[in-house]
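One file, entry.txt, is given below (compact mmCIF, C-alpha atoms).
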# COMPACT_ATOMS: atom_id res chain seq x y z
CA MET A 25 70.54 -13.66 -22.54
CA GLU A 26 70.42 -15.20 -19.07
CA LEU A 27 69.10 -11.93 -17.64
CA GLN A 28 66.42 -11.84 -20.34
CA ASN A 29 65.36 -15.43 -19.60
CA ASN A 30 65.27 -14.76 -15.86
CA TRP A 31 63.14 -11.66 -16.37
CA GLN A 32 60.72 -13.56 -18.60
CA THR A 33 60.46 -16.39 -16.07
CA GLN A 34 59.80 -14.00 -13.20
CA LEU A 35 57.23 -12.08 -15.20
CA ARG A 36 55.45 -15.25 -16.21
CA LYS A 37 55.39 -16.50 -12.63
CA GLY A 38 54.01 -13.18 -11.45
CA LEU A 39 51.21 -13.39 -13.97
CA LEU A 40 50.23 -16.98 -13.29
CA ASP A 41 47.51 -16.17 -10.75
CA ILE A 42 45.66 -13.87 -13.14
CA VAL A 43 46.16 -16.32 -16.02
CA MET A 44 44.76 -19.25 -14.03
CA LEU A 45 41.80 -17.29 -12.73
CA ASN A 46 40.98 -16.09 -16.23
CA LEU A 47 41.13 -19.66 -17.53
CA LEU A 48 38.52 -20.62 -14.94
CA ARG A 49 36.38 -17.61 -15.70
CA HIS A 50 34.26 -19.43 -18.26
CA GLY A 51 33.60 -22.57 -16.24
CA ALA A 52 35.07 -25.48 -14.30
CA CYS A 53 38.25 -27.02 -15.65
CA HIS A 54 40.62 -29.78 -14.54
CA GLY A 55 44.33 -29.24 -14.08
CA TYR A 56 45.47 -31.32 -17.01
CA GLU A 57 43.10 -29.47 -19.35
CA MET A 58 44.40 -26.12 -18.09
CA VAL A 59 47.98 -27.13 -18.80
CA GLN A 60 47.05 -28.22 -22.34
CA THR A 61 45.35 -24.88 -22.95
CA LEU A 62 48.30 -22.90 -21.59
CA LYS A 63 50.69 -24.84 -23.81
CA LYS A 64 48.89 -23.50 -26.86
CA ILE A 65 49.16 -19.86 -25.80
CA GLU A 66 52.29 -18.15 -26.99
CA GLY A 67 54.33 -16.59 -24.20
CA LEU A 68 52.33 -18.22 -21.42
CA ALA A 69 53.58 -21.79 -21.67
CA ILE A 70 54.59 -22.87 -18.19
CA ARG A 71 56.09 -25.94 -16.63
CA GLU A 72 53.24 -28.35 -16.20
CA GLY A 73 53.66 -28.90 -12.49
CA ASN A 74 53.53 -25.17 -11.78
CA ILE A 75 49.76 -24.95 -11.90
CA TYR A 76 49.11 -27.21 -8.87
CA PRO A 77 50.78 -25.15 -6.15
CA ILE A 78 49.11 -22.06 -7.61
CA LEU A 79 45.69 -23.74 -7.61
CA ALA A 80 46.31 -24.88 -4.02
CA ARG A 81 47.14 -21.33 -2.99
CA LEU A 82 44.10 -19.93 -4.77
CA GLN A 83 41.93 -22.48 -2.98
CA THR A 84 43.36 -21.53 0.40
CA ASP A 85 42.67 -17.89 -0.41
CA GLY A 86 39.04 -18.79 -1.12
CA LEU A 87 39.20 -17.76 -4.78
CA VAL A 88 38.87 -21.26 -6.23
CA ILE A 89 37.12 -24.45 -5.12
CA SER A 90 37.55 -28.00 -6.37
CA HIS A 91 35.38 -31.10 -6.71
CA SER A 92 35.92 -34.58 -8.13
CA GLU A 93 33.99 -35.98 -11.07
CA THR A 94 34.06 -39.49 -12.44
CA SER A 95 35.81 -39.93 -15.74
CA ARG A 96 34.96 -42.43 -18.47
CA ASP A 97 38.58 -43.17 -19.34
CA GLY A 98 40.33 -43.29 -16.00
CA PRO A 99 40.23 -42.32 -12.32
CA PRO A 100 38.00 -39.45 -11.06
CA ARG A 101 39.15 -36.02 -12.17
CA LYS A 102 39.50 -33.00 -9.99
CA TYR A 103 37.75 -29.92 -11.37
CA PHE A 104 38.51 -26.38 -10.29
CA GLU A 105 36.14 -23.43 -10.47
CA LEU A 106 35.96 -19.82 -9.35
CA THR A 107 34.17 -18.81 -6.16
CA ARG A 108 32.18 -15.60 -5.87
CA LEU A 109 35.15 -13.98 -4.13
CA GLY A 110 37.34 -15.29 -6.94
CA ARG A 111 35.20 -13.51 -9.53
CA VAL A 112 35.36 -10.26 -7.57
CA ARG A 113 39.14 -10.57 -7.19
CA LEU A 114 39.57 -11.43 -10.85
CA LYS A 115 37.62 -8.37 -11.93
CA GLU A 116 39.94 -6.18 -9.86
CA MET A 117 43.02 -7.95 -11.17
CA ASN A 118 41.90 -7.53 -14.77
CA THR A 119 41.22 -3.83 -14.23
CA HIS A 120 44.65 -3.41 -12.67
CA TRP A 121 46.28 -5.34 -15.50
CA ASP A 122 44.55 -3.16 -18.12
CA GLN A 123 45.83 -0.08 -16.31
CA ILE A 124 49.41 -1.42 -16.21
CA TYR A 125 49.24 -2.37 -19.89
CA LYS A 126 47.97 1.09 -20.83
CA SER A 127 50.60 2.85 -18.70
CA ILE A 128 53.48 0.88 -20.21
CA ARG A 129 52.15 1.55 -23.71
CA ASP A 130 51.98 5.28 -22.91
CA ILE A 131 55.55 5.28 -21.56
CA ARG A 132 56.75 3.51 -24.69
CA LYS A 133 55.05 6.14 -26.82
CA GLY A 134 56.89 8.85 -24.87
CA LYS A 135 53.71 10.35 -23.44
CA TYR A 136 55.36 11.31 -20.13
CA ARG A 137 58.44 13.01 -21.57
CA MET B 4 53.49 -54.83 -15.21
CA THR B 5 55.74 -54.22 -18.23
CA SER B 6 59.36 -53.14 -17.92
CA GLU B 7 58.38 -49.67 -19.30
CA THR B 8 55.72 -49.29 -16.64
CA LYS B 9 58.16 -50.38 -13.95
CA ARG B 10 60.67 -47.87 -15.15
CA TRP B 11 58.02 -45.15 -15.21
CA GLU B 12 56.83 -45.96 -11.68
CA SER B 13 60.39 -45.72 -10.45
CA LEU B 14 61.01 -42.36 -12.17
CA LYS B 15 57.66 -41.05 -10.96
CA ALA B 16 58.32 -42.11 -7.37
CA GLU B 17 61.69 -40.36 -7.41
CA TYR B 18 60.19 -37.16 -8.85
CA LEU B 19 57.37 -37.17 -6.26
CA ARG B 20 59.90 -37.77 -3.48
CA GLN B 21 61.83 -34.68 -4.59
CA VAL B 22 58.63 -32.62 -4.76
CA GLU B 23 57.57 -33.81 -1.32
CA LEU B 24 60.94 -32.88 0.08
CA ALA B 25 60.81 -29.44 -1.53
CA ILE B 26 57.30 -28.55 -0.35
CA SER B 27 57.85 -29.89 3.17
CA SER B 28 59.72 -26.63 3.85
CA VAL B 29 56.52 -24.69 3.16
CA LYS B 30 53.96 -24.97 5.93
CA HIS B 31 51.02 -24.93 3.57
CA PRO B 32 47.84 -26.83 4.55
CA ARG B 33 47.35 -28.14 1.00
CA ARG B 34 50.83 -29.47 0.30
CA HIS B 35 49.68 -33.12 0.39
CA GLU B 36 46.88 -32.24 -2.00
CA VAL B 37 49.45 -30.76 -4.39
CA LEU B 38 51.41 -33.99 -4.28
CA GLU B 39 48.30 -36.01 -5.15
CA ASP B 40 47.43 -33.62 -8.00
CA VAL B 41 50.94 -33.97 -9.42
CA ARG B 42 50.76 -37.78 -9.13
CA SER B 43 47.43 -37.80 -10.96
CA HIS B 44 48.80 -35.48 -13.64
CA LEU B 45 51.83 -37.72 -14.20
CA ASP B 46 49.61 -40.80 -14.54
CA GLN B 47 47.51 -39.00 -17.12
CA ARG B 48 50.56 -37.89 -19.09
CA PHE B 49 51.96 -41.41 -19.13
CA ALA B 50 48.62 -42.89 -20.20
CA ASP B 51 48.41 -40.34 -23.03
CA LEU B 52 51.73 -41.58 -24.44
CA GLY B 53 50.18 -44.90 -25.48
CA PRO B 54 52.05 -48.25 -25.39
CA ASP B 55 54.22 -47.62 -28.47
CA ARG B 56 55.62 -44.27 -27.24
CA GLN B 57 56.47 -45.26 -23.66
CA THR B 58 60.20 -44.91 -24.23
CA PRO B 59 62.72 -43.82 -21.57
CA GLU B 60 63.26 -40.57 -23.53
CA ASN B 61 59.57 -39.70 -23.47
CA MET B 62 59.33 -40.51 -19.78
CA GLU B 63 62.25 -38.20 -19.03
CA LYS B 64 60.63 -35.55 -21.20
CA ILE B 65 57.41 -35.69 -19.16
CA LEU B 66 59.31 -35.11 -15.93
CA GLU B 67 61.34 -32.34 -17.51
CA GLU B 68 58.16 -30.60 -18.64
CA MET B 69 56.77 -30.82 -15.12
CA GLY B 70 59.58 -28.55 -13.93
CA PRO B 71 62.07 -28.75 -11.05
CA ALA B 72 60.85 -29.70 -7.58
CA SER B 73 62.02 -26.36 -6.16
CA ASP B 74 59.36 -24.56 -8.26
CA TYR B 75 56.58 -26.14 -6.22
CA ALA B 76 57.83 -24.74 -2.94
CA GLU B 77 58.37 -21.31 -4.44
CA LEU B 78 54.88 -21.15 -5.96
CA LEU B 79 53.14 -22.63 -2.94
CA ASP B 80 54.65 -20.17 -0.52
CA SER B 81 51.65 -18.02 0.33
CA GLU B 82 53.83 -15.51 2.16
CA ALA B 83 54.98 -14.25 -1.20
CA VAL B 84 51.60 -13.02 -2.38
CA PRO B 85 49.13 -12.82 0.49
CA PHE B 86 45.57 -11.99 -0.46
CA GLN B 87 43.55 -9.58 1.63
CA ARG B 88 40.45 -11.12 3.07
CA ASN B 89 38.72 -7.74 3.06
CA THR B 90 37.94 -6.88 -0.51
CA PRO B 91 38.15 -3.21 -1.56
CA GLN B 92 34.36 -3.28 -2.03
CA LYS B 93 33.95 -4.10 1.64
CA ASN B 94 36.39 -1.36 2.65
CA HIS B 95 34.59 1.05 0.35
CA PHE B 96 31.29 0.24 2.05
CA ARG B 97 32.85 0.69 5.49
CA ILE B 98 34.32 4.08 4.56
CA VAL B 99 30.94 5.29 3.25
CA LEU B 100 29.30 4.05 6.46
CA ILE B 101 31.87 5.86 8.63
CA TYR B 102 31.38 9.10 6.66
CA SER B 103 27.59 8.76 7.01
CA ILE B 104 27.94 8.45 10.79
CA LEU B 105 30.25 11.49 10.86
CA PHE B 106 27.81 13.58 8.82
CA ILE B 107 24.89 12.61 11.07
CA LEU B 108 26.94 13.31 14.19
CA GLY B 109 28.15 16.64 12.73
CA LEU B 110 24.59 17.81 12.10
CA PHE B 111 23.44 16.59 15.50
CA LEU B 112 26.24 18.48 17.27
CA ALA B 113 25.47 21.59 15.20
CA PHE B 114 21.82 21.51 16.31
CA GLY B 115 22.85 20.72 19.87
CA ALA B 116 25.30 23.62 19.98
CA ALA B 117 22.79 26.01 18.40
CA TYR B 118 20.19 25.13 21.05
CA ASN B 119 22.70 24.72 23.94
CA PHE B 120 21.89 21.01 24.06
CA GLN B 121 18.54 21.84 25.64
CA ASP B 122 14.91 21.63 24.60
CA PHE B 123 15.33 18.53 22.49
CA ASN B 124 11.59 18.51 21.84
CA GLN B 125 11.90 21.90 20.21
CA TRP B 126 14.34 20.83 17.50
CA PHE B 127 15.00 17.09 17.32
CA CYS B 128 11.81 15.83 15.63
CA THR B 129 10.69 19.04 13.96
CA LEU B 130 14.02 20.36 12.60
CA PHE B 131 16.85 17.82 12.89
CA LEU B 132 15.12 14.70 11.55
CA PRO B 133 13.53 16.32 8.44
CA LEU B 134 16.89 17.83 7.47
CA LEU B 135 18.92 14.71 8.17
CA ILE B 136 18.24 12.79 4.95
CA PRO B 137 18.75 15.75 2.53
CA VAL B 138 21.98 16.79 4.30
CA LEU B 139 23.26 13.23 4.35
CA VAL B 140 22.53 12.74 0.65
CA ILE B 141 24.14 16.07 -0.34
CA LYS B 142 27.30 15.42 1.66
CA LEU B 143 27.66 11.80 0.58
CA VAL B 144 27.30 12.79 -3.08
CA VAL B 145 29.75 15.71 -2.79
CA PHE B 146 32.34 13.71 -0.85
CA GLY B 147 31.89 10.78 -3.22
CA TYR B 148 32.33 13.03 -6.27
CA PHE B 149 35.70 14.12 -4.88
CA LYS B 150 36.74 10.48 -4.32
CA PHE B 151 36.77 10.59 -0.54
CA TYR B 152 35.78 6.95 -0.19
CA GLN B 153 38.95 5.52 -1.70
CA GLY B 154 41.02 5.65 1.47
CA TRP B 155 42.11 7.82 4.36
CA GLY B 156 45.28 9.38 2.96
CA LEU B 157 43.60 12.72 2.35
CA PRO B 158 45.28 16.14 2.57
CA PHE B 159 43.61 18.50 5.07
CA TRP B 160 43.08 21.32 2.58
CA LYS B 161 40.95 18.96 0.51
CA ILE B 162 38.79 18.07 3.51
CA ILE B 163 38.17 21.79 4.16
CA SER B 164 37.36 22.63 0.55
CA VAL B 165 35.09 19.65 -0.06
CA ASN B 166 33.27 20.24 3.21
CA TRP B 167 32.72 23.85 2.10
CA ILE B 168 31.22 22.68 -1.16
CA GLY B 169 28.99 20.20 0.67
CA ASN B 170 27.69 22.90 3.02
CA LEU B 171 27.22 25.42 0.20
CA TRP B 172 24.90 22.93 -1.49
CA PHE B 173 23.13 22.43 1.84
CA VAL B 174 22.65 26.21 2.26
CA ALA B 175 21.64 26.74 -1.37
CA LEU B 176 19.00 24.02 -1.37
CA PHE B 177 17.71 25.13 2.02
CA PHE B 178 17.18 28.66 0.74
CA VAL B 179 15.52 27.48 -2.42
CA PHE B 180 13.06 25.41 -0.40
CA GLY B 181 12.65 27.82 2.49
CA TYR B 182 12.43 31.15 0.75
CA VAL B 183 11.31 30.43 -2.77
CA LEU B 184 9.10 27.39 -2.53
CA GLY B 185 8.17 27.81 1.14
CA ARG B 186 6.45 31.13 0.46
CA ASN B 187 4.32 29.69 -2.28
CA ILE B 188 3.61 26.18 -1.02
CA SER B 189 2.13 26.22 2.44
CA SER B 190 2.36 22.44 2.84
CA LEU B 191 6.17 22.77 2.84
CA ASN B 192 5.92 24.75 6.06
CA ASP B 193 3.95 21.90 7.59
CA TRP B 194 6.82 19.58 6.79
CA PHE B 195 9.52 21.93 8.05
CA PRO B 196 9.07 25.13 10.12
CA PHE B 197 11.61 27.28 8.26
CA ASP B 198 11.03 30.26 10.58
CA GLN B 199 12.27 28.38 13.65
CA PHE B 200 15.52 27.25 12.04
CA ARG B 201 18.65 29.00 13.36
CA GLN B 202 20.95 29.76 10.46
CA VAL B 203 24.08 29.48 12.60
CA ILE B 204 23.52 25.71 12.17
CA PHE B 205 24.98 25.94 8.64
CA LEU B 206 28.27 27.19 10.08
CA LEU B 207 28.24 24.87 13.06
CA ASP B 208 27.54 21.88 10.83
CA TRP B 209 30.47 22.83 8.62
CA PHE B 210 32.72 23.19 11.68
CA PHE B 211 31.71 19.95 13.41
CA THR B 212 31.86 17.90 10.20
CA LEU B 213 35.33 19.28 9.54
CA VAL B 214 36.57 18.41 13.03
CA LEU B 215 35.04 14.94 12.98
CA VAL B 216 36.41 14.08 9.53
CA TRP B 217 39.84 15.44 10.46
CA VAL B 218 40.01 13.40 13.66
CA THR B 219 38.86 10.26 11.84
CA VAL B 220 41.36 10.69 9.00
CA LEU B 221 44.17 11.30 11.51
CA PHE B 222 43.14 8.21 13.45
CA PHE B 223 43.15 5.98 10.36
CA LYS B 224 46.43 7.45 9.10
CA LYS B 225 48.09 6.69 12.45
CA THR B 226 46.55 3.23 12.62
CA ALA B 227 47.78 2.47 9.09
CA LYS B 228 51.35 3.44 10.06

Represent the structure of the file as structure tokens.
Amino acid sequence: MELQNNWQTQLRKGLLDIVMLNLLRHGACHGYEMVQTLKKIEGLAIREGNIYPILARLQTDGLVISHSETSRDGPPRKYFELTRLGRVRLKEMNTHWDQIYKSIRDIRKGKYR
Amino acid sequence: MTSETKRWESLKAEYLRQVELAISSVKHPRRHEVLEDVRSHLDQRFADLGPDRQTPENMEKILEEMGPASDYAELLDSEAVPFQRNTPQKNHFRIVLIYSILFILGLFLAFGAAYNFQDFNQWFCTLFLPLLIPVLVIKLVVFGYFKFYQGWGLPFWKIISVNWIGNLWFVALFFVFGYVLGRNISSLNDWFPFDQFRQVIFLLDWFFTLVLVWVTVLFFKKTAK
């Protein structure tokens, strides 16, 4: 069971970049909102703090930029959005993911035996 | 400040201290930004609880849901998953550009060899330049069709065979224009003097393109290693 949990955790962590970029694909979003969305998605629920180091890394890589916007019910909120490079990278990542998904499905069906 | 708020501030400060300690081991330029984002997130979570649910259990639950401090360092470590600055699209463009230069150079050397690198006026403007664009297009299309622009890890037999196909198209189209259309449409002869063209150029172009592509592929393979 511990092995299973560890594998799931590692897999989820490995997928976080593509998940975050896809969340930002349809427009700017703030961190808190992203966490709330992820919580609703089965299998992708992550520890809330996990998104900030990932967003920081994606910003350093030039895939995401951030800006602050005033909020009616509190301090200014930091919004994240994809850069042009981020969109290009995301397209490649999605293509690669589709390929992996298809290959695993084919293996499971016994196509290569 | 209520006792609940005081308690929360104390718990929050301790959590942030642990996160700060964990990420200080990672030399990431945005680690202070991460800390501020986490602080802001915690404030939002606490505010969302509302006054009647600000119990010690709920405060602990918020911090638990944030995850252990060690996670931040692990996820912030850019060494784990470095991104390439050069996108594949850019590399793709560069490879096509390099092949274009090789094809142009191959044809130029073929003409030069056929005319002993003399009498440039006799062949450069009248023969080489008119043929350059059609040859370049044919070779780029043929090499592209066989997926030559996806990298430099190509086997040599493939370079030979694809270059053959490229030159066969070159020869075939040349003969169609020169001997079929050229006889019937006199204006084609104004554009290109087919009679002056030395046919050994087909073979020389194949040879020089092959050598140039081979050398380039070898160079990139060695550089990659």

Taking all atoms listed in the file into account, report as an MDAnalysis selection string which residues of chain A lie within 7 Å of chain B. chainID A and resid 56 71:74 76:78 80:81 85

Write the residues you've just listed into a file as a compact mmCIF listing (two decimals), in the frame of the given file, and include C-alpha atoms for each of them.
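The result, written out as result_2.txt:
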# COMPACT_ATOMS: atom_id res chain seq x y z
CA TYR A 56 45.47 -31.32 -17.01
CA ARG A 71 56.09 -25.94 -16.63
CA GLU A 72 53.24 -28.35 -16.20
CA GLY A 73 53.66 -28.90 -12.49
CA ASN A 74 53.53 -25.17 -11.78
CA TYR A 76 49.11 -27.21 -8.87
CA PRO A 77 50.78 -25.15 -6.15
CA ILE A 78 49.11 -22.06 -7.61
CA ALA A 80 46.31 -24.88 -4.02
CA ARG A 81 47.14 -21.33 -2.99
CA ASP A 85 42.67 -17.89 -0.41

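For the atom pair formed by atom CA of B:Phe178 and atom CA of B:Val216, the distance is 25.7 Å, given to one decimal.
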
Nearest to A:Arg49 among A:Trp31, A:Ile124, A:Leu106, A:Ile75, with distances taken over all atoms listed in the file: which residue is it?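 With all atoms listed in the file as the atom set, the closest residue is A:Leu106.
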
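Using only C-alpha atoms, the contacts of B:Ser103 at a cut-off of 9 Å, with sequence neighbours closer than 4 positions omitted, comprise Ile98, Val99, Ile107, Leu108, Leu139, Lys142 and Leu143 of chain B.
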
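Between atom CA of B:Trp217 and atom CA of B:Tyr118 the separation is 24.3 Å.
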
Around the point (42.7, -14.4, -13.9) (coordinates from the file), which residues reach within 12 Å if we count all atoms listed in the file? Answer as a PyMOL selection string. chain A and resi 38-50+78-79+82+87-88+105-106+110-121

Would you compute the distance between atom CA of B:Tyr148 and atom CA of B:Asp208? Give it in Å to one decimal.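 Interatomic distance, atom CA of B:Tyr148 to atom CA of B:Asp208: 19.8 Å.
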
Exercise: residues within 12 Å of coordinate (12.1, 21.4, 18.1), counting all atoms listed in the file, as number ranges by chain: B: 114-115, 117-118, 120-133, 195-201

Would you fill out stretch 137-148 of chain B with all heavy atoms and return it as a short mmCIF file (atom, residue, chain, number, x, y, z; two decimals), in the coordinates of the input?
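Once everything was written out, this is result-v9.cif:
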data_model
loop_
_atom_site.label_atom_id
_atom_site.label_comp_id
_atom_site.auth_asym_id
_atom_site.auth_seq_id
_atom_site.Cartn_x
_atom_site.Cartn_y
_atom_site.Cartn_z
N PRO B 137 18.19 14.90 3.60
CA PRO B 137 18.75 15.75 2.53
C PRO B 137 20.22 16.10 2.75
O PRO B 137 21.02 16.05 1.82
CB PRO B 137 17.89 17.02 2.57
CG PRO B 137 16.66 16.65 3.29
CD PRO B 137 17.00 15.51 4.19
N VAL B 138 20.58 16.42 4.01
CA VAL B 138 21.98 16.79 4.30
C VAL B 138 22.90 15.59 4.06
O VAL B 138 23.97 15.72 3.45
CB VAL B 138 22.12 17.28 5.77
CG1 VAL B 138 23.58 17.44 6.16
CG2 VAL B 138 21.39 18.60 5.95
N LEU B 139 22.45 14.44 4.52
CA LEU B 139 23.26 13.23 4.35
C LEU B 139 23.48 12.93 2.86
O LEU B 139 24.61 12.64 2.43
CB LEU B 139 22.55 12.04 5.04
CG LEU B 139 23.35 10.77 5.24
CD1 LEU B 139 24.58 11.04 6.11
CD2 LEU B 139 22.50 9.69 5.89
N VAL B 140 22.42 13.03 2.09
CA VAL B 140 22.53 12.74 0.65
C VAL B 140 23.48 13.73 -0.02
O VAL B 140 24.39 13.35 -0.77
CB VAL B 140 21.13 12.76 -0.03
CG1 VAL B 140 21.26 12.71 -1.55
CG2 VAL B 140 20.28 11.59 0.47
N ILE B 141 23.28 15.04 0.27
CA ILE B 141 24.14 16.07 -0.34
C ILE B 141 25.61 15.81 -0.03
O ILE B 141 26.46 15.78 -0.91
CB ILE B 141 23.74 17.49 0.17
CG1 ILE B 141 22.38 17.89 -0.40
CG2 ILE B 141 24.80 18.53 -0.24
CD1 ILE B 141 21.80 19.13 0.27
N LYS B 142 25.89 15.58 1.26
CA LYS B 142 27.30 15.42 1.66
C LYS B 142 27.90 14.13 1.10
O LYS B 142 29.05 14.13 0.66
CB LYS B 142 27.41 15.45 3.18
CG LYS B 142 27.08 16.83 3.72
CD LYS B 142 27.94 17.18 4.89
CE LYS B 142 27.71 18.63 5.26
NZ LYS B 142 28.54 19.05 6.37
N LEU B 143 27.12 13.07 1.12
CA LEU B 143 27.66 11.80 0.58
C LEU B 143 27.97 11.94 -0.90
O LEU B 143 28.99 11.45 -1.38
CB LEU B 143 26.68 10.65 0.82
CG LEU B 143 26.65 10.07 2.23
CD1 LEU B 143 25.52 9.06 2.38
CD2 LEU B 143 27.97 9.41 2.59
N VAL B 144 27.08 12.61 -1.64
CA VAL B 144 27.30 12.79 -3.08
C VAL B 144 28.53 13.66 -3.32
O VAL B 144 29.40 13.33 -4.14
CB VAL B 144 26.04 13.40 -3.76
CG1 VAL B 144 26.35 13.83 -5.18
CG2 VAL B 144 24.90 12.38 -3.75
N VAL B 145 28.61 14.78 -2.59
CA VAL B 145 29.75 15.71 -2.79
C VAL B 145 31.07 15.02 -2.42
O VAL B 145 32.04 15.06 -3.19
CB VAL B 145 29.56 17.01 -1.97
CG1 VAL B 145 30.82 17.86 -2.00
CG2 VAL B 145 28.38 17.81 -2.50
N PHE B 146 31.10 14.38 -1.28
CA PHE B 146 32.34 13.71 -0.85
C PHE B 146 32.68 12.56 -1.80
O PHE B 146 33.85 12.31 -2.09
CB PHE B 146 32.21 13.20 0.60
CG PHE B 146 32.54 14.26 1.62
CD1 PHE B 146 31.72 15.37 1.79
CD2 PHE B 146 33.66 14.15 2.43
CE1 PHE B 146 32.02 16.36 2.72
CE2 PHE B 146 33.97 15.13 3.37
CZ PHE B 146 33.15 16.23 3.52
N GLY B 147 31.66 11.87 -2.27
CA GLY B 147 31.89 10.78 -3.22
C GLY B 147 32.43 11.29 -4.54
O GLY B 147 33.34 10.70 -5.13
N TYR B 148 31.89 12.44 -5.00
CA TYR B 148 32.33 13.03 -6.27
C TYR B 148 33.83 13.37 -6.21
O TYR B 148 34.55 13.24 -7.19
CB TYR B 148 31.50 14.29 -6.56
CG TYR B 148 31.88 14.97 -7.85
CD1 TYR B 148 31.42 14.48 -9.07
CD2 TYR B 148 32.71 16.09 -7.87
CE1 TYR B 148 31.77 15.08 -10.27
CE2 TYR B 148 33.07 16.70 -9.05
CZ TYR B 148 32.59 16.19 -10.25
OH TYR B 148 32.95 16.79 -11.43
#
